[in-house]
$ cat query.txt   # compact mmCIF, C-alpha atoms
# COMPACT_ATOMS: atom_id res chain seq x y z
CA MET P 12 -144.16 85.94 -177.56
CA VAL P 13 -141.07 86.68 -179.67
CA ARG P 14 -141.62 85.75 -183.31
CA LEU P 15 -138.60 84.33 -185.12
CA VAL P 16 -139.32 84.76 -188.85
CA LEU P 17 -136.81 83.69 -191.45
CA VAL P 18 -137.26 82.92 -195.15
CA LEU P 19 -135.13 79.89 -195.80
CA VAL P 20 -134.10 80.45 -199.40
CA LEU P 21 -131.52 77.69 -199.28
CA PHE P 22 -134.13 74.95 -198.82
CA PRO P 23 -135.26 73.03 -201.87
CA PRO P 24 -138.97 73.24 -202.78
CA LEU P 25 -141.19 71.04 -200.61
CA VAL P 26 -143.66 68.61 -202.05
CA LEU P 27 -146.92 68.69 -200.08
CA ALA P 28 -148.81 65.45 -199.76
CA GLN P 29 -152.26 65.14 -198.20
CA ASP P 30 -151.96 68.63 -196.72
CA THR P 31 -153.85 69.26 -193.43
CA THR P 32 -153.70 72.11 -190.98
CA LEU P 33 -153.64 72.64 -187.23
CA THR P 34 -154.58 75.90 -185.52
CA LEU P 35 -152.49 76.45 -182.41
CA THR P 36 -154.47 76.89 -179.21
CA LYS P 37 -153.38 76.60 -175.61
CA SER P 38 -153.73 73.08 -174.30
CA GLU P 39 -152.30 70.72 -171.71
CA ALA P 40 -149.70 67.98 -172.04
CA TRP P 41 -148.07 65.67 -169.56
CA ARG P 42 -144.35 66.06 -168.90
CA ALA P 43 -142.59 62.82 -167.87
CA ILE P 44 -140.05 63.08 -165.06
CA PRO P 45 -137.91 59.91 -164.85
CA LEU P 46 -137.46 58.48 -161.36
CA ALA P 47 -136.23 55.21 -159.89
CA GLY P 48 -138.41 52.89 -157.84
CA TYR P 49 -137.59 49.98 -155.54
CA VAL P 50 -139.90 47.11 -154.57
CA GLU P 51 -139.63 46.59 -150.81
CA ALA P 52 -140.11 43.08 -149.48
CA THR P 53 -142.30 42.36 -146.46
CA ARG P 54 -139.54 40.11 -145.07
CA ASP P 55 -135.95 41.17 -145.74
CA THR P 56 -133.74 39.27 -143.31
CA THR P 57 -130.04 39.10 -142.51
CA LEU P 58 -129.24 35.53 -141.41
CA LEU P 59 -127.49 35.43 -138.01
CA THR P 60 -126.51 33.03 -135.27
CA ASN P 61 -125.82 33.65 -131.58
CA ARG P 62 -123.25 30.84 -131.32
CA MET P 63 -119.62 30.35 -132.19
CA ALA P 64 -120.06 27.38 -134.49
CA GLU P 65 -118.72 25.62 -137.59
CA VAL P 66 -120.60 25.67 -140.89
CA VAL P 67 -121.28 22.01 -141.72
CA ALA P 68 -123.98 22.24 -144.42
CA LEU P 69 -125.17 24.74 -147.03
CA PRO P 70 -128.01 22.86 -148.76
CA ILE P 71 -129.36 25.89 -150.66
CA GLN P 72 -127.49 27.91 -153.28
CA PRO P 73 -127.83 31.72 -153.47
CA GLY P 74 -130.60 32.74 -155.85
CA SER P 75 -132.74 29.70 -155.04
CA HIS P 76 -136.42 30.10 -154.21
CA VAL P 77 -137.47 27.99 -151.21
CA ARG P 78 -140.49 27.17 -149.11
CA GLN P 79 -141.01 28.17 -145.49
CA GLY P 80 -139.07 25.94 -143.10
CA THR P 81 -136.34 24.98 -145.57
CA VAL P 82 -132.92 24.68 -143.91
CA LEU P 83 -130.60 27.31 -145.37
CA ILE P 84 -127.52 26.94 -143.16
CA ARG P 85 -126.60 24.22 -140.67
CA LEU P 86 -123.96 24.85 -137.99
CA GLU P 87 -122.27 22.61 -135.45
CA ASP P 88 -121.21 23.58 -131.92
CA LYS P 89 -119.37 20.64 -130.37
CA ALA P 90 -119.35 22.14 -126.88
CA LEU P 91 -123.11 22.58 -127.02
CA GLN P 92 -123.51 19.01 -128.29
CA GLN P 93 -121.52 17.73 -125.32
CA GLN P 94 -123.62 19.78 -122.90
CA ARG P 95 -126.85 18.42 -124.38
CA ALA P 96 -125.56 14.84 -124.28
CA ALA P 97 -124.51 15.20 -120.61
CA LEU P 98 -127.82 16.81 -119.72
CA THR P 99 -129.75 14.03 -121.47
CA GLN P 100 -127.91 11.47 -119.30
CA ALA P 101 -128.57 13.53 -116.17
CA GLU P 102 -132.28 13.73 -117.01
CA SER P 103 -132.48 9.93 -117.49
CA ALA P 104 -130.73 9.34 -114.17
CA GLN P 105 -132.98 11.82 -112.37
CA ARG P 106 -136.14 10.22 -113.78
CA ALA P 107 -134.91 6.88 -112.45
CA ALA P 108 -134.21 8.47 -109.05
CA LEU P 109 -137.68 10.01 -109.00
CA GLU P 110 -139.24 6.66 -109.83
CA GLN P 111 -137.36 5.02 -106.93
CA ALA P 112 -138.33 7.83 -104.56
CA GLU P 113 -142.00 7.44 -105.52
CA LEU P 114 -141.81 3.67 -104.97
CA GLN P 115 -140.21 4.19 -101.58
CA ALA P 116 -142.82 6.76 -100.59
CA GLY P 117 -145.59 4.32 -101.55
CA ARG P 118 -143.97 1.54 -99.51
CA MET P 119 -143.59 3.78 -96.46
CA GLN P 120 -147.23 4.83 -96.70
CA ARG P 121 -148.36 1.18 -96.68
CA LEU P 122 -146.16 0.43 -93.66
CA LEU P 123 -147.52 3.53 -91.93
CA ASP P 124 -151.05 2.28 -92.48
CA LYS P 125 -150.09 -0.99 -90.75
CA GLY P 126 -148.38 0.87 -87.92
CA ALA P 127 -144.99 -0.64 -88.85
CA VAL P 128 -143.19 2.73 -89.24
CA ALA P 129 -143.39 6.13 -87.67
CA GLY P 130 -145.14 9.00 -89.41
CA VAL P 131 -141.92 10.96 -89.65
CA GLN P 132 -140.39 8.25 -91.87
CA ALA P 133 -143.28 8.47 -94.31
CA GLU P 134 -142.97 12.26 -94.39
CA GLN P 135 -139.24 12.03 -95.16
CA ALA P 136 -140.01 9.70 -98.08
CA LEU P 137 -142.47 12.25 -99.49
CA LEU P 138 -139.88 15.02 -99.12
CA GLN P 139 -137.43 12.95 -101.14
CA VAL P 140 -140.02 12.62 -103.89
CA ALA P 141 -140.53 16.40 -103.91
CA ALA P 142 -136.76 17.01 -104.06
CA ALA P 143 -136.37 14.54 -106.95
CA LYS P 144 -139.19 16.26 -108.90
CA ALA P 145 -137.64 19.70 -108.34
CA GLU P 146 -134.27 18.52 -109.60
CA LEU P 147 -135.87 16.94 -112.67
CA ASN P 148 -137.77 20.17 -113.39
CA HIS P 149 -134.49 22.09 -113.12
CA LEU P 150 -132.80 19.73 -115.59
CA THR P 151 -135.78 19.95 -117.95
CA ALA P 152 -135.57 23.77 -117.94
CA GLN P 153 -131.85 23.53 -118.76
CA ALA P 154 -132.67 21.17 -121.63
CA ARG P 155 -135.20 23.65 -123.04
CA GLN P 156 -132.61 26.40 -122.85
CA LEU P 157 -130.01 24.29 -124.65
CA LYS P 158 -132.59 23.31 -127.26
CA GLU P 159 -133.33 26.98 -127.94
CA MET P 160 -129.60 27.67 -128.24
CA ALA P 161 -129.30 24.76 -130.66
CA SER P 162 -132.10 26.21 -132.79
CA TYR P 163 -129.66 28.94 -133.85
CA LEU P 164 -127.47 26.24 -135.35
CA GLU P 165 -130.12 25.39 -137.96
CA ILE P 166 -131.08 28.52 -139.85
CA THR P 167 -134.31 28.09 -141.79
CA ALA P 168 -136.51 30.16 -144.12
CA LYS P 169 -139.18 31.92 -142.05
CA SER P 170 -141.44 32.26 -145.09
CA ASP P 171 -141.53 31.35 -148.77
CA GLY P 172 -138.88 33.40 -150.54
CA GLN P 173 -135.37 33.55 -151.97
CA LEU P 174 -131.90 33.08 -150.51
CA THR P 175 -130.21 36.07 -152.15
CA GLU P 176 -126.77 35.94 -150.55
CA LEU P 177 -124.35 33.71 -148.61
CA ASN P 178 -121.32 35.16 -146.85
CA ILE P 179 -119.83 31.95 -145.46
CA GLY P 180 -118.51 28.63 -146.76
CA LEU P 181 -118.31 25.06 -145.51
CA GLY P 182 -115.85 24.72 -142.64
CA ASP P 183 -115.96 28.41 -141.71
CA ILE P 184 -116.40 29.35 -138.06
CA ALA P 185 -119.37 31.65 -137.59
CA SER P 186 -119.34 34.19 -134.77
CA PRO P 187 -122.33 35.48 -132.79
CA GLY P 188 -123.98 38.34 -134.69
CA GLN P 189 -121.97 37.74 -137.86
CA PRO P 190 -124.07 38.20 -141.05
CA LEU P 191 -124.11 34.79 -142.68
CA GLY P 192 -126.40 35.55 -145.60
CA HIS P 193 -129.53 37.32 -146.75
CA PHE P 194 -133.08 36.06 -147.26
CA VAL P 195 -135.97 37.88 -148.96
CA GLY P 196 -139.58 36.77 -148.62
CA GLN P 197 -141.81 36.62 -151.69
CA ASP P 198 -144.43 39.04 -150.33
CA ILE P 199 -144.22 42.71 -151.30
CA ARG P 200 -144.70 45.52 -148.79
CA ALA P 201 -144.56 48.62 -151.02
CA LEU P 202 -143.13 50.29 -154.12
CA LYS P 203 -140.89 53.09 -152.88
CA VAL P 204 -139.78 56.09 -154.95
CA MET P 205 -137.50 58.94 -153.87
CA VAL P 206 -138.73 62.26 -155.31
CA PRO P 207 -136.48 65.37 -155.46
CA ALA P 208 -137.65 68.28 -153.31
CA HIS P 209 -138.15 70.63 -156.29
CA VAL P 210 -140.54 68.12 -157.90
CA TYR P 211 -142.30 66.97 -154.72
CA GLN P 212 -144.47 70.08 -154.41
CA GLY P 213 -146.31 69.25 -157.64
CA ILE P 214 -146.98 65.54 -157.21
CA SER P 215 -150.58 66.05 -156.07
CA ALA P 216 -151.44 66.96 -159.69
CA GLY P 217 -149.31 64.19 -161.15
CA GLN P 218 -149.89 60.74 -162.56
CA TRP P 219 -147.61 57.75 -162.12
CA GLN P 220 -146.38 54.99 -164.42
CA VAL P 221 -143.92 52.15 -163.76
CA GLN P 222 -141.91 49.91 -166.05
CA ALA P 223 -140.30 46.78 -164.68
CA ALA P 224 -136.91 45.63 -165.93
CA GLY P 225 -137.25 43.63 -169.13
CA ASN P 226 -140.76 44.93 -169.79
CA GLU P 227 -141.43 47.50 -172.50
CA ASP P 228 -144.93 48.39 -171.30
CA TRP P 229 -145.70 51.19 -168.86
CA THR P 230 -148.34 50.50 -166.21
CA ALA P 231 -150.40 53.19 -164.49
CA VAL P 232 -150.22 53.09 -160.68
CA SER P 233 -151.58 55.29 -157.90
CA LEU P 234 -150.04 57.25 -155.08
CA ILE P 235 -150.64 55.53 -151.73
CA SER P 236 -148.72 57.70 -149.28
CA GLN P 237 -146.00 60.29 -149.14
CA VAL P 238 -143.58 61.64 -146.54
CA PRO P 239 -143.66 65.45 -146.25
CA ILE P 240 -140.27 65.60 -144.48
CA ALA P 241 -137.34 65.11 -146.86
CA ASP P 242 -134.45 62.78 -146.13
CA ALA P 243 -131.75 64.90 -144.51
CA ARG P 244 -128.97 63.26 -146.53
CA THR P 245 -130.49 63.47 -150.00
CA SER P 246 -133.18 66.20 -149.73
CA GLN P 247 -135.56 63.75 -151.38
CA HIS P 248 -139.03 62.67 -150.25
CA PRO P 249 -140.05 59.00 -149.94
CA VAL P 250 -143.25 58.28 -151.87
CA TYR P 251 -145.10 54.96 -151.92
CA LEU P 252 -147.07 53.72 -154.93
CA SER P 253 -149.46 50.85 -155.54
CA VAL P 254 -147.78 47.68 -156.74
CA PRO P 255 -148.87 46.31 -160.14
CA ALA P 256 -148.88 42.60 -160.85
CA GLY P 257 -145.64 41.04 -162.00
CA LEU P 258 -143.17 42.88 -159.78
CA LEU P 259 -140.80 40.98 -157.49
CA PRO P 260 -139.36 41.86 -154.07
CA ASN P 261 -136.10 43.86 -154.16
CA GLN P 262 -136.65 44.64 -157.85
CA SER P 263 -135.67 48.00 -159.32
CA VAL P 264 -138.22 49.64 -161.62
CA ARG P 265 -138.33 52.72 -163.81
CA VAL P 266 -140.92 55.28 -162.77
CA HIS P 267 -142.43 58.21 -164.65
CA LEU P 268 -144.06 61.04 -162.76
CA LEU P 269 -146.32 62.76 -165.30
CA LEU P 270 -146.92 66.43 -164.51
CA PRO P 271 -149.29 68.66 -166.51
CA SER P 272 -147.88 71.58 -168.53
CA GLU P 273 -150.01 74.25 -170.22
CA GLY P 274 -149.03 76.10 -173.39
CA LEU P 275 -148.76 75.72 -177.17
CA PHE P 276 -147.79 72.29 -178.46
CA VAL P 277 -146.59 71.22 -181.89
CA PRO P 278 -147.07 67.63 -183.14
CA GLU P 279 -144.22 65.73 -184.72
CA GLN P 280 -145.91 65.92 -188.16
CA ALA P 281 -145.39 69.69 -188.22
CA ILE P 282 -141.70 69.75 -187.32
CA HIS P 283 -138.89 70.00 -189.89
CA THR P 284 -135.15 70.14 -189.28
CA ARG P 285 -132.25 71.31 -191.36
CA GLY P 286 -128.92 70.89 -189.64
CA ASN P 287 -129.24 72.66 -186.31
CA LEU P 288 -132.35 74.57 -187.42
CA THR P 289 -135.88 73.61 -186.48
CA TYR P 290 -138.81 75.09 -188.36
CA VAL P 291 -142.49 74.62 -189.11
CA GLN P 292 -144.71 75.65 -192.04
CA VAL P 293 -147.22 78.35 -191.17
CA ARG P 294 -150.16 79.19 -193.42
CA THR P 295 -150.51 82.94 -193.89
CA PRO P 296 -152.63 85.04 -196.28
CA GLN P 297 -149.54 85.23 -198.47
CA GLY P 298 -149.13 81.43 -198.56
CA ILE P 299 -146.85 78.94 -196.80
CA GLU P 300 -144.18 80.53 -194.59
CA LYS P 301 -141.28 78.63 -193.07
CA ARG P 302 -140.93 79.73 -189.48
CA LEU P 303 -137.92 79.04 -187.23
CA VAL P 304 -139.03 77.85 -183.80
CA ARG P 305 -137.53 76.87 -180.49
CA LEU P 306 -139.18 73.78 -178.99
CA GLY P 307 -138.86 71.83 -175.75
CA LEU P 308 -138.10 68.15 -175.40
CA PRO P 309 -140.73 65.67 -176.65
CA PHE P 310 -143.60 64.76 -174.34
CA PRO P 311 -144.70 61.11 -174.07
CA ASP P 312 -147.38 61.74 -176.72
CA GLY P 313 -144.72 63.03 -179.16
CA ARG P 314 -145.70 66.70 -178.99
CA ARG P 315 -143.19 69.42 -178.17
CA GLN P 316 -143.93 72.64 -176.32
CA VAL P 317 -143.36 75.93 -178.11
CA GLN P 318 -140.77 78.11 -176.40
CA ALA P 319 -140.40 80.76 -179.14
CA GLY P 320 -141.42 81.44 -182.73
CA LEU P 321 -145.18 80.76 -182.70
CA SER P 322 -148.28 82.35 -181.23
CA GLU P 323 -151.77 81.19 -180.41
CA GLY P 324 -153.88 81.20 -183.56
CA ASP P 325 -151.04 80.38 -185.97
CA VAL P 326 -152.09 77.76 -188.52
CA LEU P 327 -149.57 74.98 -189.10
CA ALA P 328 -149.41 72.87 -192.24
CA LEU P 329 -149.17 69.17 -191.44
CA ARG P 330 -148.10 66.62 -194.00
CA GLU P 331 -147.68 62.89 -193.95
CA ASP P 332 -144.63 63.10 -196.24
CA HIS P 333 -142.02 65.80 -196.09
CA TYR P 334 -138.43 66.46 -196.97
CA GLU P 335 -136.01 67.44 -194.21

$ encode --input "query.txt" --output "structure tokens"
Amino acid sequence: MVRLVLVLVLFPPLVLAQDTTLTLTKSEAWRAIPLAGYVEATRDTTLLTNRMAEVVALPIQPGSHVRQGTVLIRLEDKALQQQRAALTQAESAQRAALEQAELQAGRMQRLLDKGAVAGVQAEQALLQVAAAKAELNHLTAQARQLKEMASYLEITAKSDGQLTELNIGLGDIASPGQPLGHFVGQDIRALKVMVPAHVYQGISAGQWQVQAAGNEDWTAVSLISQVPIADARTSQHPVYLSVPAGLLPNQSVRVHLLLPSEGLFVPEQAIHTRGNLTYVQVRTPQGIEKRLVRLGLPFPDGRRQVQAGLSEGDVLALREDHYE
């Protein structure tokens, strides 16, 4: 390793306080690679309708948390209302016709038993009953179909969750397939992180930490699964982590991938700066020597990796108080 030795005669004398030493040996430190994570919701739904209908009620405001079954958007289709009303009348009339046909069939059967009518008349009465039942079944099937169509006019929450977005207002005419809003369930599916291809190869030796927005603490999490094929658009690999308590669906989180690095590391207590110069104090047989060094960025534990200026076995002087 190149040794950068310089006697800094321009520095004022240093006052040593509680002097301790550290002998440099090769060790391991964890390098933190910042990444972005996203909490995926189990239910992430775009609210749609299959009808051309008018928006008549918006009982829930965007951002509100609701329970399953809560009405989010209510629409009105006047043509469908008229069809349902007409069909309801037709069903009532057909039930009355069926009742009359059944009464007539019963009467003809009694007359047949007494020999007052021919058998063919009784059979015709039974056929009328069968025809009336078939027509009523047909009307009932139409009513079920219209009821299903009407269900798209009342858009409800399919689970507990949050209405995150509304794209329509009262009086607007919604079209079939038009996105009306967005709903996110409260259950979490996974914590997804996109990892650059040049980092992905080393994640098997890594450790993971996450920090939710508004939280200063970092929480250790584990790797659940990874996708070996990178996204063609971004050349990044999707990675899925365990979800710590306190995260919310659709929340963005900061992620640290900690990768091990081996080399010589200098603690913050040994580092001095003077303008653009960085140096440490090295104990030699001749006494304290100020040594210029080149160091990497700080690791999470505060240590910095030696890039030039020091060798294994060098003894650093560490002090609690020092002048820069």

$ residues_near_point --input "query.txt" --point "(-147.0, 8.0, -99.5)" --cutoff "8 Å" --atoms "all atoms listed in the file" --output "PyMOL selection string"
chain P and resi 113+116-121+133-134+136-137

$ write_last_selection --input "query.txt" --atoms "C-alpha atoms" --output "PDB file, in the coordinates of the input"
ATOM      1  CA  GLU P 113    -142.000   7.440-105.520  1.00  0.00           C
ATOM      2  CA  ALA P 116    -142.820   6.760-100.590  1.00  0.00           C
ATOM      3  CA  GLY P 117    -145.590   4.320-101.550  1.00  0.00           C
ATOM      4  CA  ARG P 118    -143.970   1.540 -99.510  1.00  0.00           C
ATOM      5  CA  MET P 119    -143.590   3.780 -96.460  1.00  0.00           C
ATOM      6  CA  GLN P 120    -147.230   4.830 -96.700  1.00  0.00           C
ATOM      7  CA  ARG P 121    -148.360   1.180 -96.680  1.00  0.00           C
ATOM      8  CA  ALA P 133    -143.280   8.470 -94.310  1.00  0.00           C
ATOM      9  CA  GLU P 134    -142.970  12.260 -94.390  1.00  0.00           C
ATOM     10  CA  ALA P 136    -140.010   9.700 -98.080  1.00  0.00           C
ATOM     11  CA  LEU P 137    -142.470  12.250 -99.490  1.00  0.00           C
TER      12      LEU P 137
END

$ closest_atom_pairs --input "query.txt" --of "stretch 104-221 of chain P" --to "stretch 43-46 of chain P" --cutoff "10 Å" --atoms "only C-alpha atoms" --output "JSON lines"
{"residue": "P:Val204", "atom": "CA", "partner": "P:Leu46", "partner_atom": "CA", "distance": 7.2}
{"residue": "P:Met205", "atom": "CA", "partner": "P:Leu46", "partner_atom": "CA", "distance": 7.5}
{"residue": "P:Val206", "atom": "CA", "partner": "P:Leu46", "partner_atom": "CA", "distance": 7.2}
{"residue": "P:Pro207", "atom": "CA", "partner": "P:Leu46", "partner_atom": "CA", "distance": 9.1}
{"residue": "P:Val210", "atom": "CA", "partner": "P:Ile44", "partner_atom": "CA", "distance": 8.8}
{"residue": "P:Gly217", "atom": "CA", "partner": "P:Ala43", "partner_atom": "CA", "distance": 9.6}
{"residue": "P:Gln218", "atom": "CA", "partner": "P:Ala43", "partner_atom": "CA", "distance": 9.3}
{"residue": "P:Trp219", "atom": "CA", "partner": "P:Ala43", "partner_atom": "CA", "distance": 9.2}
{"residue": "P:Gln220", "atom": "CA", "partner": "P:Ala43", "partner_atom": "CA", "distance": 9.4}
{"residue": "P:Val221", "atom": "CA", "partner": "P:Leu46", "partner_atom": "CA", "distance": 9.4}

$ write_last_selection --input "query.txt" --atoms "C-alpha atoms" --output "short mmCIF file (atom, residue, chain, number, x, y, z; two decimals), keeping the file's coordinate frame"
data_model
loop_
_atom_site.label_atom_id
_atom_site.label_comp_id
_atom_site.auth_asym_id
_atom_site.auth_seq_id
_atom_site.Cartn_x
_atom_site.Cartn_y
_atom_site.Cartn_z
CA VAL P 204 -139.78 56.09 -154.95
CA MET P 205 -137.50 58.94 -153.87
CA VAL P 206 -138.73 62.26 -155.31
CA PRO P 207 -136.48 65.37 -155.46
CA VAL P 210 -140.54 68.12 -157.90
CA GLY P 217 -149.31 64.19 -161.15
CA GLN P 218 -149.89 60.74 -162.56
CA TRP P 219 -147.61 57.75 -162.12
CA GLN P 220 -146.38 54.99 -164.42
CA VAL P 221 -143.92 52.15 -163.76
#

$ closest_atom_pairs --input "query.txt" --of "stretch 135-161 of chain P" --to "stretch 89-92 of chain P" --cutoff "9 Å" --atoms "only C-alpha atoms" --output "Markdown table"
| residue | atom | partner | partner_atom | distance |
| --- | --- | --- | --- | --- |
| P:Leu157 | CA | P:Leu91 | CA | 7.5 |
| P:Met160 | CA | P:Leu91 | CA | 8.3 |
| P:Ala161 | CA | P:Leu91 | CA | 7.5 |

$ closest_residue --input "query.txt" --among "P:Ile179, P:Ala145, P:Leu83, P:Leu98" --to "P:Val66" --atoms "only C-alpha atoms"
P:Ile179

$ closest_residue --input "query.txt" --among "P:Tyr163, P:Arg42, P:Val266, P:Ala64" --to "P:Gly307" --atoms "only C-alpha atoms"
P:Arg42

$ atom_distance --input "query.txt" --atom1 "atom CA of P:Asp198" --atom2 "atom CA of P:Thr57"
16.4 Å

$ atom_distance --input "query.txt" --atom1 "atom CA of P:Thr60" --atom2 "atom CA of P:Ser162"
9.2 Å

$ closest_residue --input "query.txt" --among "P:Leu147, P:Leu202, P:Leu164, P:Met63" --to "P:Arg265" --atoms "all atoms listed in the file"
P:Leu202

$ closest_residue --input "query.txt" --among "P:Val50, P:Ile166, P:Leu58, P:Ala104" --to "P:Leu86" --atoms "all atoms listed in the file"
P:Ile166

$ atom_distance --input "query.txt" --atom1 "atom CA of P:His267" --atom2 "atom CA of P:Glu323"
29.4 Å

$ closest_residue --input "query.txt" --among "P:Lys158, P:His248, P:Lys169, P:Arg285" --to "P:Val82" --atoms "only C-alpha atoms"
P:Lys169

$ residues_around --input "query.txt" --residues "stretch 308-321 of chain P" --least-positions-apart "4" --cutoff "12 Å" --atoms "all atoms listed in the file" --output "CSV table (one decimal) with C-alpha atoms, in the frame of the given file"
chain,number,residue,atom,x,y,z
P,12,MET,CA,-144.2,85.9,-177.6
P,13,VAL,CA,-141.1,86.7,-179.7
P,14,ARG,CA,-141.6,85.8,-183.3
P,15,LEU,CA,-138.6,84.3,-185.1
P,16,VAL,CA,-139.3,84.8,-188.8
P,17,LEU,CA,-136.8,83.7,-191.4
P,34,THR,CA,-154.6,75.9,-185.5
P,35,LEU,CA,-152.5,76.4,-182.4
P,36,THR,CA,-154.5,76.9,-179.2
P,37,LYS,CA,-153.4,76.6,-175.6
P,38,SER,CA,-153.7,73.1,-174.3
P,39,GLU,CA,-152.3,70.7,-171.7
P,40,ALA,CA,-149.7,68.0,-172.0
P,41,TRP,CA,-148.1,65.7,-169.6
P,42,ARG,CA,-144.4,66.1,-168.9
P,43,ALA,CA,-142.6,62.8,-167.9
P,44,ILE,CA,-140.0,63.1,-165.1
P,45,PRO,CA,-137.9,59.9,-164.8
P,220,GLN,CA,-146.4,55.0,-164.4
P,229,TRP,CA,-145.7,51.2,-168.9
P,267,HIS,CA,-142.4,58.2,-164.6
P,268,LEU,CA,-144.1,61.0,-162.8
P,269,LEU,CA,-146.3,62.8,-165.3
P,270,LEU,CA,-146.9,66.4,-164.5
P,271,PRO,CA,-149.3,68.7,-166.5
P,272,SER,CA,-147.9,71.6,-168.5
P,273,GLU,CA,-150.0,74.2,-170.2
P,274,GLY,CA,-149.0,76.1,-173.4
P,275,LEU,CA,-148.8,75.7,-177.2
P,276,PHE,CA,-147.8,72.3,-178.5
P,277,VAL,CA,-146.6,71.2,-181.9
P,278,PRO,CA,-147.1,67.6,-183.1
P,279,GLU,CA,-144.2,65.7,-184.7
P,280,GLN,CA,-145.9,65.9,-188.2
P,281,ALA,CA,-145.4,69.7,-188.2
P,282,ILE,CA,-141.7,69.8,-187.3
P,289,THR,CA,-135.9,73.6,-186.5
P,290,TYR,CA,-138.8,75.1,-188.4
P,291,VAL,CA,-142.5,74.6,-189.1
P,292,GLN,CA,-144.7,75.6,-192.0
P,293,VAL,CA,-147.2,78.4,-191.2
P,294,ARG,CA,-150.2,79.2,-193.4
P,300,GLU,CA,-144.2,80.5,-194.6
P,301,LYS,CA,-141.3,78.6,-193.1
P,302,ARG,CA,-140.9,79.7,-189.5
P,303,LEU,CA,-137.9,79.0,-187.2
P,304,VAL,CA,-139.0,77.8,-183.8
P,325,ASP,CA,-151.0,80.4,-186.0
P,326,VAL,CA,-152.1,77.8,-188.5
P,327,LEU,CA,-149.6,75.0,-189.1

$ build_atoms --input "query.txt" --residues "stretch 89-100 of chain P" --atoms "N, CA and C atoms" --output "PDB file, in the frame of the given file"
ATOM      1  N   LYS P  89    -119.702  21.878-131.078  1.00  0.00           N
ATOM      2  CA  LYS P  89    -119.370  20.640-130.370  1.00  0.00           C
ATOM      3  C   LYS P  89    -119.526  20.782-128.860  1.00  0.00           C
ATOM      4  N   ALA P  90    -119.183  21.941-128.322  1.00  0.00           N
ATOM      5  CA  ALA P  90    -119.350  22.140-126.880  1.00  0.00           C
ATOM      6  C   ALA P  90    -120.813  22.056-126.488  1.00  0.00           C
ATOM      7  N   LEU P  91    -121.685  22.643-127.303  1.00  0.00           N
ATOM      8  CA  LEU P  91    -123.110  22.580-127.020  1.00  0.00           C
ATOM      9  C   LEU P  91    -123.630  21.158-127.156  1.00  0.00           C
ATOM     10  N   GLN P  92    -123.117  20.414-128.137  1.00  0.00           N
ATOM     11  CA  GLN P  92    -123.510  19.010-128.290  1.00  0.00           C
ATOM     12  C   GLN P  92    -123.146  18.211-127.044  1.00  0.00           C
ATOM     13  N   GLN P  93    -121.960  18.455-126.519  1.00  0.00           N
ATOM     14  CA  GLN P  93    -121.520  17.730-125.320  1.00  0.00           C
ATOM     15  C   GLN P  93    -122.382  18.084-124.129  1.00  0.00           C
ATOM     16  N   GLN P  94    -122.752  19.365-124.009  1.00  0.00           N
ATOM     17  CA  GLN P  94    -123.620  19.780-122.900  1.00  0.00           C
ATOM     18  C   GLN P  94    -124.983  19.109-123.012  1.00  0.00           C
ATOM     19  N   ARG P  95    -125.539  19.045-124.205  1.00  0.00           N
ATOM     20  CA  ARG P  95    -126.850  18.420-124.380  1.00  0.00           C
ATOM     21  C   ARG P  95    -126.792  16.931-124.099  1.00  0.00           C
ATOM     22  N   ALA P  96    -125.696  16.280-124.536  1.00  0.00           N
ATOM     23  CA  ALA P  96    -125.560  14.840-124.280  1.00  0.00           C
ATOM     24  C   ALA P  96    -125.460  14.576-122.779  1.00  0.00           C
ATOM     25  N   ALA P  97    -124.649  15.392-122.058  1.00  0.00           N
ATOM     26  CA  ALA P  97    -124.510  15.200-120.610  1.00  0.00           C
ATOM     27  C   ALA P  97    -125.827  15.476-119.906  1.00  0.00           C
ATOM     28  N   LEU P  98    -126.547  16.482-120.360  1.00  0.00           N
ATOM     29  CA  LEU P  98    -127.820  16.810-119.720  1.00  0.00           C
ATOM     30  C   LEU P  98    -128.856  15.723-119.975  1.00  0.00           C
ATOM     31  N   THR P  99    -128.829  15.128-121.172  1.00  0.00           N
ATOM     32  CA  THR P  99    -129.750  14.030-121.470  1.00  0.00           C
ATOM     33  C   THR P  99    -129.514  12.866-120.512  1.00  0.00           C
ATOM     34  N   GLN P 100    -128.233  12.547-120.249  1.00  0.00           N
ATOM     35  CA  GLN P 100    -127.910  11.470-119.300  1.00  0.00           C
ATOM     36  C   GLN P 100    -128.376  11.829-117.887  1.00  0.00           C
TER      37      GLN P 100
END
